[in-house]
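Heads up, the thing below is written out as structure tokens.
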Amino acid sequence: HLDFLAIQDIHSIKRQINAHKGGSKINIPGHNIKLGRGGIREIEFFAQTQQLIWGGREVSLRCKATCETLRELTKFGQVSENVRDEMLSAYAFLRTVEHRLQMIDDQQTQTLPESDEGLHALATFLGYADRAGFVADLLLHLRNVENNYAELFEDDVPLAGATGNLVFTGTEDDPETLANLRQMGFENAENVSVTVRGWHHGRYRATRSRRAREILTELMPTLLGALAKTTNPGMAFRAFDDFLKGLPAGVQVFSLFTAHPELLELLAQIAGTAPRMAKYIGRNAAVLDYVLMSGFHEELPDAQDMIMELDAHLSREDMVEDWLDCARRWANDQKFQIDVQTIQNRHTPHAAGRALADVADVAIRSLFPRIADDFATKHGQFEDGGLAVFALGKHGGQELSPGSDLDMVFIYDVPEDAEESDGDKPLSPGHYYIRLSQRYINALSAPTAEGILFETDLRLRPSGSKGPLATHFKSFDTYQNNDAWTWEHMALTRLRPVYGPENLCKKVVATTNAVLCKKRDPDRLVREVFDMRNRMDAGKGDNHPWAIKMRRGGLVDLEFIAQYLQLRHAHDHPEILSPTTRDVFKNLDAAGILDGEHAKFLANSGSFWLAIQAMLRLTTEGPFDPQTASTDLRKMLATAGKCDDFEQLQAKVDETATKTKAIYDLIISAPAEKAGPIPES
């Protein structure tokens, strides 16, 4: 975990060295090339402090040698190639000078000669023609080290204070402070003053140490200034108070803010628009470290890079509990990056949904083989047997929203003659793979000190919640072909293999495609889909205009259209099948099944609904109320919906729902009502 206070501590050590050894200035005669300005110790401190800051997150930085550390810091993106080369060149030069000095009189010294004659002799020993050439090179290296060290360690410009008093000492409100707070935009200045005094009196765990309170005091002008820039400073302040309440400790986080004030700006933005995220950060302050990583704001994480990164982290751990904690820490970082970029509207909703699904996929593909190997140490394995994991729902369609559950199904296969696994405690195939599936679920959902990885939902498995956790392939095949309901086949349109033996995955996908491509009675199909949507509306319906998922014309209606049309037409057009709803509409357009304008509208509507849903899930708790929403949140939602202002967004929400429902009625409601009731089978 980052500790930017290390910068202050190590710089304090360096100042003590300077005071004790007289090395605060570069003066060539008598200069200490190890402890003085621009010397070897500054190169070491330059490398070691960055190891303390970043080494907790990046194992490659835990080097012993200074030069190796400098090279790794460059690979990590914290030190430029130019600075690395300057520091390495200076280190080699100064070490050579040190060795020559010690060879002259066989003494343990790093101090240059005081006299011109001594310096000339040393220059000659180092291969220089004269003293001037040696001094020029020495000064070049010392200045380079001094400048590079200064950029990292020297005292920063003092934080700009507010225009007036910000005094929170004692037990009474300072009148000038209250006036200044009101001028900054805090309507309830008295409440702000009382709350801040509570911080300074150690009201929360994060402010109970004297050092934490000292740093927080220095931060107050910047902190209150950042909160005041939001359109609702009072709400932002309350959200920051919630954040502070959740912090287990304060010194490291406050030091981080001191070193990187831009993090306070980000936190103020989150506090002013997404108090739900602010609470999360308070409970998981370590994610703030990740904001400082290279590329955090520029790009979404890449799946291939993520799996290499997580595998590298997990390979350093030996225990199941450590794997689970490691995976949770890693996933929290990735999800936080995606969430921050989402509230900043840096990417499309489909890109965010795909990235969140990639995080889930990578966690499964990295964790599950290790869980399976650990399980096999006791119970053995089945030769030519295996368990595969398939995603359904939004996970299957790679359209995850923040906080979405993972809809999953587990399917296994073993040779017909397999009776027991080959371990010390053998199990029958059914018991083996059901217990292994439970291990997989626990790996994702069991709470540890680092929280949970993902919530899981297995209700879409064959036979629903009453069925076994893991299903034999033959049972899956039989069930889907003979016993599954229409709604289960609709869910099957979003099946996507995530992890497991390649042959088994191919068999399951082949069965799935065969089932989806069956010729169906169109009247019976449309009536079953229509009745099921009506039952869902009666049981879970929500007429709230911002109930993006369940309202009529919302996401569910849109997904029903896509799934119904796949079941209706896949027999003649298998190319329309896709687990991703947006792609389904494009495929239906290309196949000439769906009117081009309708297909384009529905695809864009899906993106619109997903964008608004993701933003609301990140920022609000409970139903969204436009009347109480901050101006910043309303503006953020409008931007996410590609509207100029919130009023235009409200109109777009109503128009999108109305038109989507009209298309639903055209494709499903009208034909279903014309077909009449479903005859008894």
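We name chains A, B, ... following the order of the structure tokens; residues begin at 1 in each chain, and ligands are numbered from 1 as shown.
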Report as JSON lines the residues of range 434-473 of chain A within 10 Å of range 332-340 of chain A, each with its shortest atom pair and distance in Å (one decimal), using only C-alpha atoms, ordered by chain and increasing residue number.
{"residue": "A:Glu450", "atom": "CA", "partner": "A:Asn332", "partner_atom": "CA", "distance": 9.0}
{"residue": "A:Gly451", "atom": "CA", "partner": "A:Asn332", "partner_atom": "CA", "distance": 9.3}
{"residue": "A:Ile452", "atom": "CA", "partner": "A:Asn332", "partner_atom": "CA", "distance": 9.3}
{"residue": "A:Leu453", "atom": "CA", "partner": "A:Asn332", "partner_atom": "CA", "distance": 7.8}
Range 523-543 of chain A residues near range 488-510 of chain A within 12 Å, closest pair each, using only C-alpha atoms, as a Markdown table:
| residue | atom | partner | partner_atom | distance |
| --- | --- | --- | --- | --- |
| A:Leu525 | CA | A:Met490 | CA | 10.7 |
| A:Val526 | CA | A:Met490 | CA | 11.8 |
| A:Glu528 | CA | A:Met490 | CA | 11.0 |
| A:Val529 | CA | A:Met490 | CA | 8.9 |
| A:Met532 | CA | A:Met490 | CA | 11.0 |
| A:Arg533 | CA | A:Met490 | CA | 11.8 |
Which of range 415-528 of chain A fall in helix (DSSP H, G or I), as a PyMOL selection string: chain A and resi 429-445+464-466+473-483+486-492+502-516+522-528
Measuring atom to atom with only C-alpha atoms, identify which of A:Leu406, A:Met277, A:Val389, A:Cys326 is nearest to Thr448 in chain A.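 Using only C-alpha atoms, Thr448 in chain A sits closest to A:Cys326.
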Compare A:Ala376, A:Leu469, A:Leu152, A:Val192 by their minimum atom-to-atom distance to Phe237 in chain A, counting only C-alpha atoms, and give me the closest one.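 The closest residue to Phe237 in chain A is A:Val192.
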Near range 578-582 of chain A, counting only C-alpha atoms, which residues have an atom at most 9 Å away, once you skip same-chain residues fewer than 5 positions from it, shown as a VMD selection string? chain A and resid 350 392 to 394 396 to 399 492 to 496 558 to 559 562 to 563 566 587 602 to 604 606 to 607
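Reported to one decimal place, the separation of CA of Gly272 in chain A from CA of Thr230 in chain A is 6.0 Å.
Residues lying within 9 Å of Ile561 in chain A, counting only C-alpha atoms and ignoring same-chain neighbours fewer than 6 positions away, are A:Ile663, A:Tyr664, A:Ile667, A:Ile668.
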Step one, run DSSP on the backbone; step two, keep only residues of range 264-418 of chain A assigned to strand (DSSP E); then write them as a list of chain:residue names.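 Secondary structure check on range 264-418 of chain A, strand (DSSP E): A:Gly386, A:Leu387, A:Ala388, A:Val389, A:Phe390, A:Ala391, A:Leu392, A:Leu406, A:Asp407, A:Met408, A:Val409, A:Phe410, A:Ile411, A:Tyr412, A:Asp413.
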For the residues in the current selection, export C-alpha atoms as a PDB file, in the first residue's frame.
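Saved the output as result_3.pdb:
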ATOM      1  CA  GLY A 386     -13.586 -32.109 -16.739  1.00  0.00           C
ATOM      2  CA  LEU A 387     -15.811 -29.264 -15.583  1.00  0.00           C
ATOM      3  CA  ALA A 388     -16.655 -26.265 -17.772  1.00  0.00           C
ATOM      4  CA  VAL A 389     -18.031 -22.876 -16.736  1.00  0.00           C
ATOM      5  CA  PHE A 390     -20.474 -20.958 -18.919  1.00  0.00           C
ATOM      6  CA  ALA A 391     -21.700 -17.389 -18.546  1.00  0.00           C
ATOM      7  CA  LEU A 392     -25.320 -16.392 -19.119  1.00  0.00           C
ATOM      8  CA  LEU A 406     -22.558 -13.366 -12.612  1.00  0.00           C
ATOM      9  CA  ASP A 407     -25.169 -15.725 -14.103  1.00  0.00           C
ATOM     10  CA  MET A 408     -23.353 -19.048 -14.476  1.00  0.00           C
ATOM     11  CA  VAL A 409     -23.880 -22.728 -15.214  1.00  0.00           C
ATOM     12  CA  PHE A 410     -21.459 -25.606 -14.556  1.00  0.00           C
ATOM     13  CA  ILE A 411     -21.393 -28.629 -16.883  1.00  0.00           C
ATOM     14  CA  TYR A 412     -19.124 -31.662 -16.531  1.00  0.00           C
ATOM     15  CA  ASP A 413     -18.344 -34.763 -18.562  1.00  0.00           C
TER      16      ASP A 413
END
Env of Asp523 in chain A: 10 Å cut, atoms = only C-alpha atoms, seq-sep filter 5 positions within chain, self excluded. Answer as a list in words. Glu528, Arg568, Pro671, Ala672, Glu673, Lys674, Ala675, Gly676, Pro677 and Ile678 of chain A
For range 634-644 of chain A, list every protein, DNA or RNA residue within 12 Å, evaluated using only C-alpha atoms, and leave out those in the same chain fewer than 3 positions away; present the list as a compact mmCIF listing (two decimals) with C-alpha atoms, in the first residue's frame.
# COMPACT_ATOMS: atom_id res chain seq x y z
CA THR A 230 -18.70 20.94 -6.98
CA THR A 231 -22.19 22.21 -7.71
CA ASN A 232 -23.48 20.94 -4.36
CA GLN A 269 -15.90 14.86 -7.95
CA ILE A 270 -16.94 11.40 -6.75
CA GLY A 272 -20.31 15.40 -5.29
CA THR A 273 -21.84 13.02 -7.83
CA ALA A 274 -21.43 9.43 -6.62
CA GLN A 341 -13.78 6.12 -16.29
CA THR A 342 -17.52 5.43 -16.50
CA ILE A 343 -18.50 8.40 -14.32
CA GLN A 344 -16.10 10.51 -16.38
CA ASN A 345 -17.73 9.28 -19.62
CA ARG A 346 -14.39 8.23 -21.09
CA HIS A 347 -15.77 5.24 -22.99
CA THR A 348 -18.95 3.72 -24.42
CA PRO A 349 -21.23 1.62 -22.21
CA TRP A 546 -35.93 5.58 -14.11
CA ASN A 604 -28.79 2.30 -29.97
CA SER A 605 -31.51 2.05 -27.32
CA GLY A 606 -29.64 -0.83 -25.70
CA SER A 607 -26.50 1.30 -25.51
CA PHE A 608 -28.51 4.21 -24.12
CA TRP A 609 -30.18 2.11 -21.40
CA LEU A 610 -26.89 0.45 -20.42
CA ALA A 611 -25.16 3.84 -20.11
CA ILE A 612 -27.87 5.29 -17.86
CA GLN A 613 -28.14 2.09 -15.80
CA ALA A 614 -24.37 1.96 -15.23
CA MET A 615 -24.29 5.60 -14.13
CA LEU A 616 -27.23 5.18 -11.75
CA ARG A 617 -25.78 2.03 -10.20
CA LEU A 618 -22.52 3.83 -9.52
CA THR A 619 -24.03 6.97 -8.08
CA THR A 620 -27.33 6.26 -6.34
CA PHE A 624 -33.31 7.70 -8.56
CA ASP A 625 -35.14 10.93 -7.74
CA PRO A 626 -34.35 13.79 -10.16
CA GLN A 627 -35.68 16.31 -7.64
CA THR A 628 -33.00 15.51 -5.04
CA ALA A 629 -30.16 14.72 -7.48
CA SER A 630 -27.23 17.11 -7.53
CA THR A 631 -26.65 19.35 -10.53
CA GLU A 647 -34.40 18.06 -19.41
CA GLN A 648 -33.44 16.73 -22.83
CA LEU A 649 -32.38 13.46 -21.19
CA GLN A 650 -35.75 13.06 -19.45
CA ALA A 651 -37.47 13.51 -22.78
CA LYS A 652 -35.13 10.97 -24.41
CA VAL A 653 -35.83 8.43 -21.64
CA THR A 656 -36.91 5.65 -26.01
Arg197 in chain A: which residues within 12 Å, counting only C-alpha atoms, same-chain residues fewer than 4 positions away excluded, as a VMD selection string? chain A and resid 166 to 174 190 to 193 201 to 204 207 213 216 to 217 220
Take CA of Ala591 in chain A and CA of His571 in chain A and report the distance between them in Å, one decimal.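 Going from CA of Ala591 in chain A over to CA of His571 in chain A, I get 12.5 Å.
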Å distance separating CA of Ala179 in chain A from CA of Phe243 in chain A, one decimal place: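 One can read the CA of Ala179 in chain A to CA of Phe243 in chain A distance as 25.5 Å.
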Of the candidates A:Ile593, A:Met184, A:Ile576, A:Leu516, which shows the shortest atom-to-atom distance to Gly225 in chain A, using only C-alpha atoms? A:Met184
Which one is closest to Phe254 in chain A: A:Leu224, A:Ala206, A:Leu300, A:Val291? Count only C-alpha atoms.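 Checking each of A:Leu224, A:Ala206, A:Leu300, A:Val291 against Phe254 in chain A, counting only C-alpha atoms, the winner is A:Ala206.
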Tell me which of A:Phe186, A:Tyr479, A:Tyr149, A:Phe560 sits closest to Thr660 in chain A, counting only C-alpha atoms. A:Phe560
From the options A:Phe473, A:Ser401, A:Glu317, A:Ser445, which residue's atoms come nearest to Val414 in chain A, counting only C-alpha atoms?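 Nearest to Val414 in chain A: A:Phe473.
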